[in-house]
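S.K.: One structure, as structure tokens, below. Some questions next.
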Amino acid sequence: MNFSDIALLIIAGGKSSRMGRDKRFLSFAGTGLLERLCVKAAKLPFAERFLCVEQETPELMALAKKFQLTVVTDSRQGRGPMEGISRGLAAMREKYALAVSCDMPFLSLEKLSVLLTRAADDDALQAVLPKTKRWQPLAALYHFDMAELFQKALQHGDNKLGLVIAAVPHACVDFDDEDDFFNVNTMADWRLACGRMANEGRRVPLVTISAPVSNTGKTTFIERLIPRLRQRGTRVGVVKGDCHGYDVDEKGKDSWRFKEAGASGVAVVSPNGYFIEQKTEKRANLVEIAGRLQDVDLVLIESRRHGTAPIITLYRDKGELLLSDDTAVLFSKRKQFIEGVYECSIDDMETAARIILFLMGS
């Protein structure tokens with residue numbers, strides 16, 4: 001069994017109750033969350049493609065036309081994703097369908113091919129689900145017979161997918177990376193997601209460590225963070241912005257003599273590495289300099305004003321806390337109760353390491 005043997009159900013109900021706005025059209029770099037999944041799906045040869053929604057809107061119909069999706073609407077609104085899945089299963093001709101929620105921006109559809117392999121090994125299975133720490137029923141493979149079972153459950157007021165699935169022959173396939181199934185349900189989730197998406201096109205991912213004023217502990221934060229990232233196999237480079245200038249050479253050394261003679265740039269290469277000092281008429285772009293580092297998996301940029309997305313903002317009750325659109329998460333001395341952003345303790349380095357790994361796409 002392969003993708004050409006099954007249908008695709010894109011589950012995009014539209015309530016977005018925890019988000020407070022329609023998350024389907026939250027956009028990063030010109031592509032909405034729902035459209036992002038449509039683009040991925042268009043690269044695979046599904047036999048049928050359905051867009052399962054509560055009700056039709058001009059925006060949804062335009063998207064369906066662009067990606068050649070058949071729109072299926074709920075028979076009754078407010079019954080959750082089970083309604084959308086059951087309606088999609090009832091509309092298809094194929095034996096199985098892959099049902100995927102539109103709010104998982106980092107899910108690889110290709111990785112879900114293992115679900116098809118598992119179903120091909122046992123034709124009695126009614127559902128095959130990915131499993132991380134928990135089941136992932138909104139990225140799962142379903143037999144068309146499940147349509148009737150889901151509808152019966154809904155008629156009795158039961159809309160929990162897991163209860164219906166548990167009562168039929170099913171299988172789980174273990175997935176190691178839970179981040180693949182990251183859901184965007186809140187604006188804080190969306191900030192994190194945008195931070196990770198900012199790194200998708202980069203050769204080496206970047207994360208900026210910033211703070212509103214000096215002496216907030218950016219250097220100490222990075223210093224404590226690096227060993228934890230190294231323990232996880234991540235090679236870390238650091239680029240630091242400094243408004244005071246610097247002088248790294250020792251008077252009398254050859255490189256110092258070259259600079260004194262008027263050289264605009266000096267490079268020193270040794271068996272263990274190299275150093276380049278280059279004079280510039282204006283401040284060099286930190287992102288450009290970060291791109292020159294070799295043999296690193298991640299670059300941390302320490303800068304108050306010259307970094308780039310995603311940004312981790314540090315705050316120790318000094319200065320005015322102003323979060324930019326590029327701030328992915330806030331680490332503070334005490335909770336600031338800011339809506340729409342995740343807040344963590346500035347001393348919680350294990351959480352900091354996990355967030356960095358998420359933002360870099362590891």
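Within each chain, counting starts at residue 1; across the structure tokens, chains are named A, B, ... in the order shown, with ligands numbered 1 upward in that order.
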Might you pull out every residue within 8 Å of A:Asp5, with only C-alpha atoms counted and same-chain residues fewer than 5 positions away left off, and present them as JSON, numbers by chain?
M.R.: {"A": [46, 47, 94, 96]}
S.K.: Based on the selection just made, write N, CA, C and O atoms of those residues as a JSON list (two decimals), in the first residue's frame.
M.R.:
```
[["chain", "number", "residue", "atom", "x", "y", "z"],
["A", 46, "PHE", "N", -1.95, 11.14, -3.65],
["A", 46, "PHE", "CA", -3.16, 10.58, -3.03],
["A", 46, "PHE", "C", -4.23, 10.31, -4.09],
["A", 46, "PHE", "O", -4.38, 11.08, -5.05],
["A", 47, "ALA", "N", -4.98, 9.23, -3.89],
["A", 47, "ALA", "CA", -6.04, 8.87, -4.84],
["A", 47, "ALA", "C", -7.18, 9.88, -4.81],
["A", 47, "ALA", "O", -7.78, 10.20, -5.84],
["A", 94, "GLU", "N", -11.94, 5.03, -1.50],
["A", 94, "GLU", "CA", -10.83, 4.15, -1.12],
["A", 94, "GLU", "C", -11.13, 3.42, 0.19],
["A", 94, "GLU", "O", -12.05, 3.76, 0.93],
["A", 96, "TYR", "N", -8.90, 3.07, 2.74],
["A", 96, "TYR", "CA", -8.29, 3.78, 3.86],
["A", 96, "TYR", "C", -8.11, 5.27, 3.52],
["A", 96, "TYR", "O", -8.00, 5.64, 2.34]]
```
S.K.: Mind listing the alpha helix (DSSP H) residues of stretch 12-157 of chain A, per DSSP on the backbone, as JSON, numbers by chain?
M.R.: {"A": [33, 34, 35, 36, 37, 38, 39, 40, 41, 42, 58, 59, 60, 61, 62, 63, 64, 65, 66, 81, 82, 83, 84, 85, 86, 87, 88, 89, 90, 91, 113, 114, 115, 116, 117, 118, 119, 120, 121, 146, 147, 148, 149, 150, 151, 152, 153, 154, 155]}
S.K.: Write a file of the selected residues as a compact mmCIF listing (two decimals), in the first residue's frame, keeping N, CA and C atoms.
M.R.:
```
# COMPACT_ATOMS: atom_id res chain seq x y z
N LEU A 33 -1.41 28.61 7.61
CA LEU A 33 -1.22 27.32 8.28
C LEU A 33 -1.90 26.20 7.51
N LEU A 34 -3.13 26.40 7.09
CA LEU A 34 -3.83 25.39 6.30
C LEU A 34 -3.18 25.19 4.94
N GLU A 35 -2.81 26.28 4.31
CA GLU A 35 -2.18 26.18 2.99
C GLU A 35 -0.85 25.44 3.07
N ARG A 36 -0.15 25.59 4.16
CA ARG A 36 1.13 24.90 4.34
C ARG A 36 0.94 23.39 4.22
N LEU A 37 -0.13 22.86 4.82
CA LEU A 37 -0.42 21.44 4.71
C LEU A 37 -0.85 21.08 3.29
N CYS A 38 -1.62 21.95 2.66
CA CYS A 38 -2.04 21.70 1.28
C CYS A 38 -0.85 21.60 0.33
N VAL A 39 0.15 22.44 0.55
CA VAL A 39 1.36 22.40 -0.28
C VAL A 39 2.08 21.07 -0.11
N LYS A 40 2.19 20.60 1.13
CA LYS A 40 2.83 19.30 1.38
C LYS A 40 2.05 18.18 0.70
N ALA A 41 0.73 18.21 0.84
CA ALA A 41 -0.11 17.15 0.28
C ALA A 41 -0.03 17.11 -1.23
N ALA A 42 0.13 18.27 -1.86
CA ALA A 42 0.16 18.33 -3.33
C ALA A 42 1.36 17.60 -3.90
N PRO A 58 -15.72 31.63 1.36
CA PRO A 58 -15.02 31.95 0.10
C PRO A 58 -13.53 31.64 0.15
N GLU A 59 -12.90 31.89 1.32
CA GLU A 59 -11.46 31.63 1.43
C GLU A 59 -11.16 30.14 1.33
N LEU A 60 -11.99 29.31 1.97
CA LEU A 60 -11.78 27.87 1.92
C LEU A 60 -12.04 27.32 0.53
N MET A 61 -13.06 27.83 -0.12
CA MET A 61 -13.38 27.35 -1.47
C MET A 61 -12.28 27.73 -2.45
N ALA A 62 -11.69 28.90 -2.28
CA ALA A 62 -10.59 29.31 -3.15
C ALA A 62 -9.38 28.40 -2.95
N LEU A 63 -9.10 28.06 -1.69
CA LEU A 63 -7.98 27.17 -1.40
C LEU A 63 -8.25 25.78 -1.96
N ALA A 64 -9.48 25.30 -1.83
CA ALA A 64 -9.83 23.98 -2.35
C ALA A 64 -9.67 23.94 -3.87
N LYS A 65 -10.05 25.00 -4.52
CA LYS A 65 -9.90 25.05 -5.99
C LYS A 65 -8.43 25.06 -6.37
N LYS A 66 -7.63 25.83 -5.65
CA LYS A 66 -6.20 25.94 -5.97
C LYS A 66 -5.50 24.59 -5.86
N PRO A 81 -13.45 17.28 15.66
CA PRO A 81 -12.81 16.63 14.51
C PRO A 81 -13.40 15.28 14.15
N MET A 82 -14.05 14.59 15.10
CA MET A 82 -14.65 13.30 14.76
C MET A 82 -15.70 13.45 13.66
N GLU A 83 -16.44 14.54 13.71
CA GLU A 83 -17.44 14.79 12.69
C GLU A 83 -16.78 14.95 11.32
N GLY A 84 -15.71 15.73 11.25
CA GLY A 84 -15.03 15.92 9.98
C GLY A 84 -14.44 14.64 9.43
N ILE A 85 -13.83 13.83 10.30
CA ILE A 85 -13.25 12.57 9.85
C ILE A 85 -14.33 11.63 9.34
N SER A 86 -15.43 11.52 10.06
CA SER A 86 -16.50 10.60 9.64
C SER A 86 -17.11 11.04 8.32
N ARG A 87 -17.28 12.35 8.14
CA ARG A 87 -17.84 12.84 6.88
C ARG A 87 -16.89 12.58 5.72
N GLY A 88 -15.62 12.76 5.95
CA GLY A 88 -14.65 12.49 4.90
C GLY A 88 -14.57 11.02 4.55
N LEU A 89 -14.57 10.14 5.56
CA LEU A 89 -14.54 8.71 5.31
C LEU A 89 -15.77 8.25 4.53
N ALA A 90 -16.92 8.83 4.83
CA ALA A 90 -18.15 8.45 4.15
C ALA A 90 -18.16 8.90 2.70
N ALA A 91 -17.40 9.94 2.38
CA ALA A 91 -17.42 10.49 1.02
C ALA A 91 -16.42 9.82 0.08
N SER A 113 4.10 7.22 6.08
CA SER A 113 3.98 6.05 5.20
C SER A 113 4.11 4.74 5.97
N VAL A 114 4.75 4.78 7.14
CA VAL A 114 4.87 3.57 7.96
C VAL A 114 3.51 3.10 8.46
N LEU A 115 2.56 4.01 8.55
CA LEU A 115 1.20 3.62 8.94
C LEU A 115 0.57 2.76 7.86
N LEU A 116 0.84 3.09 6.62
CA LEU A 116 0.31 2.33 5.49
C LEU A 116 0.91 0.93 5.47
N THR A 117 2.20 0.85 5.75
CA THR A 117 2.88 -0.45 5.78
C THR A 117 2.28 -1.33 6.87
N ARG A 118 2.01 -0.73 8.01
CA ARG A 118 1.42 -1.50 9.12
C ARG A 118 0.03 -2.00 8.77
N ALA A 119 -0.77 -1.18 8.11
CA ALA A 119 -2.12 -1.59 7.71
C ALA A 119 -2.08 -2.68 6.66
N ALA A 120 -1.11 -2.62 5.77
CA ALA A 120 -0.99 -3.64 4.72
C ALA A 120 -0.65 -5.01 5.31
N ASP A 121 -0.01 -5.01 6.47
CA ASP A 121 0.37 -6.27 7.13
C ASP A 121 -0.80 -6.94 7.84
N MET A 146 -14.93 3.01 9.70
CA MET A 146 -14.95 3.85 10.89
C MET A 146 -15.95 5.00 10.77
N ALA A 147 -16.36 5.34 9.57
CA ALA A 147 -17.31 6.44 9.38
C ALA A 147 -18.61 6.17 10.14
N GLU A 148 -19.12 4.96 10.00
CA GLU A 148 -20.37 4.61 10.67
C GLU A 148 -20.20 4.57 12.18
N LEU A 149 -19.06 4.04 12.65
CA LEU A 149 -18.82 3.95 14.08
C LEU A 149 -18.69 5.34 14.71
N PHE A 150 -18.00 6.24 14.01
CA PHE A 150 -17.87 7.60 14.52
C PHE A 150 -19.23 8.30 14.58
N GLN A 151 -20.06 8.08 13.56
CA GLN A 151 -21.38 8.72 13.54
C GLN A 151 -22.26 8.21 14.68
N LYS A 152 -22.19 6.92 14.94
CA LYS A 152 -22.98 6.36 16.04
C LYS A 152 -22.55 6.97 17.38
N ALA A 153 -21.24 7.11 17.54
CA ALA A 153 -20.73 7.70 18.78
C ALA A 153 -21.22 9.14 18.92
N LEU A 154 -21.17 9.90 17.83
CA LEU A 154 -21.60 11.29 17.87
C LEU A 154 -23.10 11.41 18.19
N GLN A 155 -23.88 10.47 17.68
CA GLN A 155 -25.31 10.48 17.96
C GLN A 155 -25.61 10.26 19.44
```
S.K.: What separation in Å, quoted to one decimal, exists between atom CA of A:Thr308 and atom CA of A:Arg18?
M.R.: 28.3 Å
S.K.: Find the spatial neighbours of stretch 69-78 of chain A, counting only C-alpha atoms, within a cut-off of 7 Å - ignore same-chain residues fewer than 6 positions away - and output them as number ranges by chain.
M.R.: A: 49-56, 84, 87-88
S.K.: Report as a list in words all protein, DNA and RNA residues lying within 10 Å of A:Gly80, evaluated on only C-alpha atoms, omitting residues in the same chain fewer than 6 positions from it.
M.R.: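 Near A:Gly80, the qualifying residues are Ile11, Ala12, Gly13, Gly14, Lys15, Glu54, Asp74, Leu154, Asn159, Lys160 and Leu161 of chain A.
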S.K.: Residues within 12 Å of stretch 318-320 of chain A, please, as a compact mmCIF listing (two decimals) with all heavy atoms, in the first residue's frame. Count only C-alpha atoms; anything in the same chain fewer than 6 positions from it doesn't count.
M.R.:
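And here's result-v7.txt as it stands now:
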```
# COMPACT_ATOMS: atom_id res chain seq x y z
N ALA A 211 17.86 40.94 25.34
CA ALA A 211 17.32 41.51 26.58
C ALA A 211 17.15 43.01 26.35
O ALA A 211 17.85 43.61 25.53
CB ALA A 211 18.26 41.24 27.75
N PRO A 212 16.24 43.66 27.08
CA PRO A 212 16.00 45.08 26.85
C PRO A 212 17.14 45.99 27.28
O PRO A 212 17.29 47.09 26.75
CB PRO A 212 14.72 45.37 27.67
CG PRO A 212 14.68 44.29 28.70
CD PRO A 212 15.29 43.09 28.06
N VAL A 213 17.95 45.56 28.26
CA VAL A 213 19.07 46.38 28.72
C VAL A 213 20.29 45.49 28.96
O VAL A 213 20.18 44.26 29.02
CB VAL A 213 18.71 47.12 30.05
CG1 VAL A 213 17.59 48.11 29.83
CG2 VAL A 213 18.36 46.13 31.14
N SER A 214 21.44 46.13 29.11
CA SER A 214 22.68 45.40 29.41
C SER A 214 22.63 44.84 30.83
O SER A 214 21.76 45.20 31.64
CB SER A 214 23.88 46.33 29.26
OG SER A 214 23.99 46.80 27.93
N ASN A 215 23.57 43.96 31.12
CA ASN A 215 23.72 43.37 32.46
C ASN A 215 22.49 42.58 32.89
O ASN A 215 22.14 42.54 34.07
CB ASN A 215 24.04 44.45 33.49
CG ASN A 215 25.34 45.18 33.19
OD1 ASN A 215 26.33 44.56 32.81
ND2 ASN A 215 25.32 46.50 33.32
N THR A 216 21.83 41.96 31.91
CA THR A 216 20.69 41.10 32.22
C THR A 216 21.12 39.64 32.35
O THR A 216 20.37 38.81 32.86
CB THR A 216 19.61 41.25 31.13
OG1 THR A 216 19.19 42.61 31.06
CG2 THR A 216 18.39 40.40 31.42
N GLY A 217 22.30 39.32 31.88
CA GLY A 217 22.81 37.96 32.01
C GLY A 217 22.76 37.16 30.73
O GLY A 217 22.69 35.93 30.77
N SER A 332 12.16 34.89 32.28
CA SER A 332 12.18 36.03 33.19
C SER A 332 12.47 35.60 34.62
O SER A 332 12.32 34.43 34.98
CB SER A 332 10.86 36.79 33.12
OG SER A 332 9.78 35.94 33.45
N LYS A 333 12.87 36.59 35.44
CA LYS A 333 13.15 36.34 36.85
C LYS A 333 11.87 35.98 37.60
O LYS A 333 11.85 35.12 38.47
CB LYS A 333 13.81 37.57 37.46
CG LYS A 333 14.18 37.43 38.93
CD LYS A 333 14.85 38.69 39.43
CE LYS A 333 15.21 38.56 40.90
NZ LYS A 333 15.88 39.81 41.40
N ARG A 334 10.78 36.67 37.25
CA ARG A 334 9.47 36.36 37.82
C ARG A 334 8.43 36.50 36.72
O ARG A 334 8.62 37.22 35.75
CB ARG A 334 9.15 37.27 39.00
CG ARG A 334 9.14 38.74 38.68
CD ARG A 334 8.97 39.58 39.92
NE ARG A 334 9.03 41.01 39.61
CZ ARG A 334 8.00 41.74 39.22
NH1 ARG A 334 6.81 41.17 39.08
NH2 ARG A 334 8.14 43.03 38.98
N GLN A 336 5.61 37.44 34.24
CA GLN A 336 5.13 38.74 33.82
C GLN A 336 3.65 38.73 33.40
O GLN A 336 3.06 39.78 33.18
CB GLN A 336 5.98 39.25 32.64
CG GLN A 336 7.46 39.37 32.95
CD GLN A 336 7.73 40.34 34.07
OE1 GLN A 336 7.31 41.49 34.03
NE2 GLN A 336 8.45 39.88 35.10
```
S.K.: Do you have the atom CA of A:Val128-atom CA of A:Arg196 distance handy?
M.R.: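 Atom CA of A:Arg196 lies at a distance of 28.4 Å from atom CA of A:Val128.
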S.K.: Quote the spacing between atom CA of A:Arg134 and atom CA of A:Gly233 in Å to one decimal place.
M.R.: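 Atom CA of A:Arg134 sits 25.7 Å away from atom CA of A:Gly233.
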S.K.: Determine which residues of stretch 60-303 of chain A receive a DSSP assignment of strand (DSSP E or B), computed from the backbone, and state them as a PyMOL selection string.
M.R.: chain A and resi 70-73+96-101+127-131+135+139-143+170-174+206-210+236-240+265-270+273-278+298-302
S.K.: Smallest atom-to-atom distance to A:Ala166: which of A:Asp180, A:Met1, A:Gln126, A:Leu229, using only C-alpha atoms?
M.R.: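 Nearest candidate to A:Ala166 out of A:Asp180, A:Met1, A:Gln126, A:Leu229: A:Gln126.
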